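Report on the following structure.
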Amino acid sequence: MKPKKEIKKIVFQSAEDMPTMPMSIGNMLWNKTGSWRNIRPEIRLEDCIQCGICWKFCPDMSIEIEAEWPVVNYDYCKGCGICAEECPAKCIVMVEERK
Amino acid sequence: MKKEKKMTLTLPVEELVGSGNLACQGCGANLALRYVLKALGQRTVLCIPACCWAVIDGAFPHSCMSVPIYHCAFETAASTATGVKAGLEMVGDLETTVVAWAGDGGTFDIGLQALSGAAERNDDIIYVCYDNEAYMNTGIQRSSATPTGAWTTTTPVKFPKDRPKKDIDAIMAAHRIPYLATASISYPEDVVKKTKKAKSIKGTRFIHIYAPCPTGWKSRPEDAVKLGRMVVQNCVFPLYEVEHGEKYTLNMKIKDKKPIDDYLKLQGRFRHLKPEQIKLMQEEVDHNWARLLKKCESA
Ligand SMILES: Cc1ncc(C[n+]2csc(CCOP(=O)(O)OP(=O)(O)O)c2C)c(N)n1
Ligand code: SF4
Ligand code: SF4
Ligand code: SF4
Ligand SMILES: [Mg+2]
């Protein structure tokens, strides 16, 4: 939906590299929480009614909307299963993760 | 693809909490802040004391959020927010919303004095307590927000909690603050509406958000949203607002009040309960509900 932010982990080589004020200068996108998952949501779009409920309740901002359809971002989806549980059309199934 | 149709989005689309954060799977606290920031927008500062959210955000120099946050000591969420607000006013910034964002331990227990001070002075801050009903960040210890009967590591099965949950909302109402609201993560539109309303008011505003915690409650992550809905429908956690400590408004009328059994069954922290204990808990819920209805009627 939005332009993606830079995905970069910041590592300081020495104390001089550190900002003088202890402030956050990077996001957490380098932390691909998708690796936490042991079950993955799969959306059967044929049955999707585009209600946006999966997007609304995903705690990890891992349901994106592309051209008016929900798409799971597997880089960050933690596999909690809330989307599948809440989908009124029951069109999200949780399947065993392929490793 | 088939039929042309627009996706229905009932919340602001801007995401100010980012992915890659360290919340557990199905964390209610994660949803709580996501919704609150959707309502407040970019011009917001958060003051976060020690709590799960101090960890979820990520380790220095990273932060999953697109708004500035100030990590403060456990007992100081309200006083830190007061100070940040005063500092911003000194430099002529009257626009930025200053929010204290604390857990139940940081609010009901250790931060209560600072919160009471800010509320009594009617400092111009929004104080949000996300309530997961225990000290989760340090490994599930009882807080005064833990409900009767619940297991925690400090209220083991042999000695479950025997005191009722502290009524923090009544305490805050007694301060006659301009606005106070309860909310649940399972009703995000209501969270957004109340947060926007709070933003439009001056003075101390208090929002108490019910935030299920699969890790601490020993519940399934996929049930987090279901649990947040059940507590509203069985009147364990009713949704209401209080203006100036007196005008009570019930936001969700409950016609068909559900028994608490199904909500208890979904959580391992209540697994040890015997029927007579459940009966006592149901009586406590009924009693609190009747008391709230009376307050709403007389308002
Ligand atoms: C003065 C002080 N005492 C104790 C601690 C340890 N501590 C850090 S977070 C925490 C629990 C926080 O509980 P709560 O406010 O409910 O937030 P949650 O972790 O549940 O989100 C405790 C006891 C501390 N950081 N500072
Ligand atoms: S399983 Fe959980 S994290 Fe993954 S997309 Fe669904 S709601 Fe989001
Ligand atoms: S909740 Fe189900 S029906 Fe609704 S948009 Fe998501 S996948 Fe489609
Ligand atoms: S312990 Fe509970 S509140 Fe803390 S991050 Fe995990 S699920 Fe969220
Ligand atoms: Mg807590």
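Chain labels follow the order of the structure tokens: the first chain is A, the next B, and so on; residue numbering restarts at 1 in every chain, and ligands are counted from 1 in their shown order.
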All residues 12 Å or closer to segment 10-22 of chain A, only C-alpha atoms, same chain fewer than 2 positions away omitted, as a PDB file with N, CA and C atoms, in the first residue's frame:
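Saved as result-v9.pdb:
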```
ATOM      1  N   GLU A   6      13.361   1.380   4.211  1.00  0.00           N
ATOM      2  CA  GLU A   6      14.620   0.664   4.035  1.00  0.00           C
ATOM      3  C   GLU A   6      14.735  -0.471   5.055  1.00  0.00           C
ATOM      4  N   ILE A   7      15.200  -1.637   4.591  1.00  0.00           N
ATOM      5  CA  ILE A   7      15.354  -2.789   5.478  1.00  0.00           C
ATOM      6  C   ILE A   7      16.835  -2.941   5.789  1.00  0.00           C
ATOM      7  N   LYS A   8      17.227  -2.490   6.975  1.00  0.00           N
ATOM      8  CA  LYS A   8      18.656  -2.499   7.281  1.00  0.00           C
ATOM      9  C   LYS A   8      18.868  -2.611   8.783  1.00  0.00           C
ATOM     10  N   SER A  24      16.595   6.287  18.498  1.00  0.00           N
ATOM     11  CA  SER A  24      16.379   5.248  17.495  1.00  0.00           C
ATOM     12  C   SER A  24      16.590   5.826  16.112  1.00  0.00           C
ATOM     13  N   ILE A  25      17.376   5.133  15.293  1.00  0.00           N
ATOM     14  CA  ILE A  25      17.650   5.644  13.949  1.00  0.00           C
ATOM     15  C   ILE A  25      17.312   4.618  12.878  1.00  0.00           C
ATOM     16  N   GLY A  26      16.710   3.520  13.285  1.00  0.00           N
ATOM     17  CA  GLY A  26      16.339   2.514  12.287  1.00  0.00           C
ATOM     18  C   GLY A  26      15.075   1.780  12.701  1.00  0.00           C
ATOM     19  N   ASN A  27      14.425   1.098  11.750  1.00  0.00           N
ATOM     20  CA  ASN A  27      13.198   0.362  12.064  1.00  0.00           C
ATOM     21  C   ASN A  27      13.510  -1.116  12.327  1.00  0.00           C
ATOM     22  N   MET A  28      12.491  -1.905  12.477  1.00  0.00           N
ATOM     23  CA  MET A  28      12.682  -3.326  12.820  1.00  0.00           C
ATOM     24  C   MET A  28      12.484  -4.258  11.623  1.00  0.00           C
ATOM     25  N   LEU A  29      12.412  -3.682  10.426  1.00  0.00           N
ATOM     26  CA  LEU A  29      12.075  -4.523   9.267  1.00  0.00           C
ATOM     27  C   LEU A  29      13.129  -5.587   8.953  1.00  0.00           C
ATOM     28  N   TRP A  30      14.353  -5.391   9.454  1.00  0.00           N
ATOM     29  CA  TRP A  30      15.399  -6.409   9.251  1.00  0.00           C
ATOM     30  C   TRP A  30      15.075  -7.691  10.011  1.00  0.00           C
ATOM     31  N   ASN A  31      14.191  -7.596  10.985  1.00  0.00           N
ATOM     32  CA  ASN A  31      13.863  -8.744  11.826  1.00  0.00           C
ATOM     33  C   ASN A  31      12.705  -9.522  11.198  1.00  0.00           C
TER      34      ASN A  31
ATOM     35  N   ALA B  59      15.244  -3.230  19.961  1.00  0.00           N
ATOM     36  CA  ALA B  59      16.396  -2.770  20.739  1.00  0.00           C
ATOM     37  C   ALA B  59      17.093  -1.607  20.042  1.00  0.00           C
ATOM     38  N   PHE B  60      17.645  -0.715  20.834  1.00  0.00           N
ATOM     39  CA  PHE B  60      18.454   0.403  20.342  1.00  0.00           C
ATOM     40  C   PHE B  60      19.476  -0.089  19.299  1.00  0.00           C
ATOM     41  N   PRO B  61      19.695   0.585  18.203  1.00  0.00           N
ATOM     42  CA  PRO B  61      19.096   1.862  17.795  1.00  0.00           C
ATOM     43  C   PRO B  61      17.880   1.693  16.873  1.00  0.00           C
ATOM     44  N   HIS B  62      17.116   0.606  17.077  1.00  0.00           N
ATOM     45  CA  HIS B  62      15.948   0.371  16.222  1.00  0.00           C
ATOM     46  C   HIS B  62      14.653   0.614  16.978  1.00  0.00           C
ATOM     47  N   SER B  63      13.607   0.965  16.245  1.00  0.00           N
ATOM     48  CA  SER B  63      12.272   1.096  16.818  1.00  0.00           C
ATOM     49  C   SER B  63      11.282   0.732  15.724  1.00  0.00           C
ATOM     50  N   ILE B  69       9.449   7.906  20.662  1.00  0.00           N
ATOM     51  CA  ILE B  69       9.062   7.378  21.963  1.00  0.00           C
ATOM     52  C   ILE B  69      10.150   7.684  22.981  1.00  0.00           C
ATOM     53  N   TYR B  70       9.723   7.816  24.213  1.00  0.00           N
ATOM     54  CA  TYR B  70      10.622   8.128  25.315  1.00  0.00           C
ATOM     55  C   TYR B  70      10.504   6.962  26.304  1.00  0.00           C
ATOM     56  N   HIS B  71      11.587   6.184  26.447  1.00  0.00           N
ATOM     57  CA  HIS B  71      11.557   5.089  27.419  1.00  0.00           C
ATOM     58  C   HIS B  71      11.786   5.675  28.806  1.00  0.00           C
TER      59      HIS B  71
END
```
Using only C-alpha atoms, I'd like every residue of chain B that has an atom within 8 Å of chain A; please write them out as a PyMOL selection string. chain B and resi 5-11+15+18-21+25-28+30-31+34+58+60-65+186+188+221-225
Grab me every residue within 7 Å of ligand 4, counting only C-alpha atoms and all ligand atoms, and send it over as a ChimeraX atom specification. /B:22-30,52,56,132,136-137,213-216
Counting only C-alpha atoms, what is within 8 Å of Arg176 of chain B, bar same-chain residues fewer than 3 positions away, as a VMD selection string? chain B and resid 172 to 173 243 to 246
List as JSON, numbers by chain the protein and nucleic acid residues near Thr153 of chain B, meaning an atom at most 6 Å away when only C-alpha atoms are counted, but skip any in the same chain fewer than 2 places from it. {"B": [140, 141, 155, 156]}
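Using only C-alpha atoms, the protein and nucleic acid residues lying no more than 7 Å from Ala102 of chain B, apart from those fewer than 6 places from it along its own chain, are Ile48, Pro49, Cys51, Ala77, Val128, Cys129 and Tyr130 of chain B.
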Identify, with DSSP run on backbone atoms, the residues in chain A assigned to alpha helix (DSSP H), and express the list as an NGL selection string. :A and (53-57 or 82-86)
Go ahead and write the selection's residues with N, CA, C and O atoms as a compact mmCIF listing (two decimals), in the first residue's frame.
```txt
# COMPACT_ATOMS: atom_id res chain seq x y z
N ILE A 53 -11.44 -7.66 7.15
CA ILE A 53 -11.36 -8.04 8.57
C ILE A 53 -10.00 -8.64 8.91
O ILE A 53 -9.43 -8.37 9.96
N CYS A 54 -9.42 -9.42 7.99
CA CYS A 54 -8.10 -9.99 8.25
C CYS A 54 -7.06 -8.87 8.39
O CYS A 54 -6.21 -8.90 9.27
N TRP A 55 -7.17 -7.86 7.54
CA TRP A 55 -6.26 -6.71 7.59
C TRP A 55 -6.42 -5.98 8.92
O TRP A 55 -5.45 -5.59 9.57
N LYS A 56 -7.67 -5.84 9.33
CA LYS A 56 -7.98 -5.08 10.54
C LYS A 56 -7.42 -5.74 11.78
O LYS A 56 -6.91 -5.06 12.67
N PHE A 57 -7.48 -7.07 11.87
CA PHE A 57 -7.10 -7.76 13.10
C PHE A 57 -5.70 -8.36 13.09
O PHE A 57 -5.30 -8.99 14.07
N ILE A 82 -5.01 -15.48 13.81
CA ILE A 82 -6.16 -14.60 14.07
C ILE A 82 -6.94 -14.34 12.78
O ILE A 82 -8.17 -14.40 12.76
N CYS A 83 -6.23 -14.11 11.68
CA CYS A 83 -6.91 -13.81 10.41
C CYS A 83 -7.84 -14.95 10.01
O CYS A 83 -9.00 -14.73 9.64
N ALA A 84 -7.34 -16.20 10.14
CA ALA A 84 -8.14 -17.37 9.76
C ALA A 84 -9.35 -17.51 10.68
O ALA A 84 -10.45 -17.83 10.25
N GLU A 85 -9.13 -17.25 11.97
CA GLU A 85 -10.20 -17.38 12.97
C GLU A 85 -11.29 -16.33 12.74
O GLU A 85 -12.48 -16.60 12.92
N GLU A 86 -10.90 -15.12 12.35
CA GLU A 86 -11.85 -14.02 12.26
C GLU A 86 -12.49 -13.87 10.88
O GLU A 86 -13.51 -13.19 10.74
```
Check the smallest atom-to-atom distance from each of B:Ile201, B:Leu37, B:Arg220, B:Ala50 to ligand 2 using only C-alpha atoms and all ligand atoms, then report the winner.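 Comparing B:Ile201, B:Leu37, B:Arg220, B:Ala50 against ligand 2, the winner is B:Arg220.
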Spatial neighbours of segment 260-262 of chain B, max dist 8 Å, only C-alpha atoms, sep filter under 5 positions, as a VMD selection string: chain B and resid 234 236 278 282
May I have the residues from that selection written out with N, CA, C and O atoms, as an mmCIF file, in the first residue's frame?
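The file below, again.cif, is the result:
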```cif
data_model
loop_
_atom_site.group_PDB
_atom_site.id
_atom_site.type_symbol
_atom_site.label_atom_id
_atom_site.label_comp_id
_atom_site.auth_asym_id
_atom_site.auth_seq_id
_atom_site.Cartn_x
_atom_site.Cartn_y
_atom_site.Cartn_z
ATOM 1 N N ASN B 234 -19.978 -10.706 27.855
ATOM 2 C CA ASN B 234 -20.386 -11.305 29.134
ATOM 3 C C ASN B 234 -20.243 -10.312 30.295
ATOM 4 O O ASN B 234 -20.367 -10.687 31.454
ATOM 5 N N VAL B 236 -17.748 -8.838 31.605
ATOM 6 C CA VAL B 236 -16.544 -8.848 32.428
ATOM 7 C C VAL B 236 -15.809 -7.516 32.243
ATOM 8 O O VAL B 236 -15.250 -6.948 33.182
ATOM 9 N N ILE B 278 -16.234 -20.650 40.168
ATOM 10 C CA ILE B 278 -16.771 -19.994 38.971
ATOM 11 C C ILE B 278 -18.065 -19.261 39.331
ATOM 12 O O ILE B 278 -18.311 -18.147 38.875
ATOM 13 N N GLN B 282 -18.839 -15.373 38.781
ATOM 14 C CA GLN B 282 -20.011 -14.904 38.033
ATOM 15 C C GLN B 282 -20.784 -13.870 38.868
ATOM 16 O O GLN B 282 -21.243 -12.845 38.349
#
```
Atom-to-atom span, atom CA of His175 of chain B and atom CA of Tyr240 of chain B, Å: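 Going from atom CA of His175 of chain B over to atom CA of Tyr240 of chain B covers 16.9 Å.
Minimum distance to ligand 3 across A:Pro88, A:Val93, A:Tyr74, A:Arg98 (counting only C-alpha atoms and all ligand atoms) occurs at A:Pro88.
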Determine which residues of chain A DSSP labels as strand (DSSP E) from the backbone of this structure, then write them out as a ChimeraX atom specification. /A:39-43,63-66,69-72,92-96
Would you please work out which residue, of A:Ile63, A:Cys48, A:Lys4, A:Ile43, is nearest to Ile92 of chain A when using only C-alpha atoms?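 Between A:Ile63, A:Cys48, A:Lys4, A:Ile43, the residue approaching Ile92 of chain A most closely is A:Ile43.
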Compile a residue-level contact table for chain B against ligand 5 at a cut-off of 6 Å, reporting for every qualifying residue the shortest atom pair and its distance in Å to one decimal, with only C-alpha atoms and all ligand atoms counted, rows ordered by chain and ascending number, as CSV.
```
residue,atom,partner,partner_atom_place_in_ligand_line,distance
B:Gly103,CA,ligand 5,1 (Mg),4.6
B:Asp104,CA,ligand 5,1 (Mg),4.5
B:Gly105,CA,ligand 5,1 (Mg),5.3
B:Asp131,CA,ligand 5,1 (Mg),5.7
B:Asn132,CA,ligand 5,1 (Mg),4.6
B:Glu133,CA,ligand 5,1 (Mg),5.2
B:Ala134,CA,ligand 5,1 (Mg),4.2
B:Tyr135,CA,ligand 5,1 (Mg),4.3
B:Met136,CA,ligand 5,1 (Mg),5.2
```
Selection near Gly111 of chain B, 7 Å with only C-alpha atoms, sequence-local residues under 6 positions removed, as a list in words: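 The filter keeps Phe74, Glu75, Thr76 and Ala77 of chain B.
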Find, counting only C-alpha atoms and all ligand atoms, the residue in B:Thr152, B:Ser79, B:Ser143, B:Gln277 that gets nearest to ligand 1.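 Smallest separation from ligand 1 among the options: B:Ser143.
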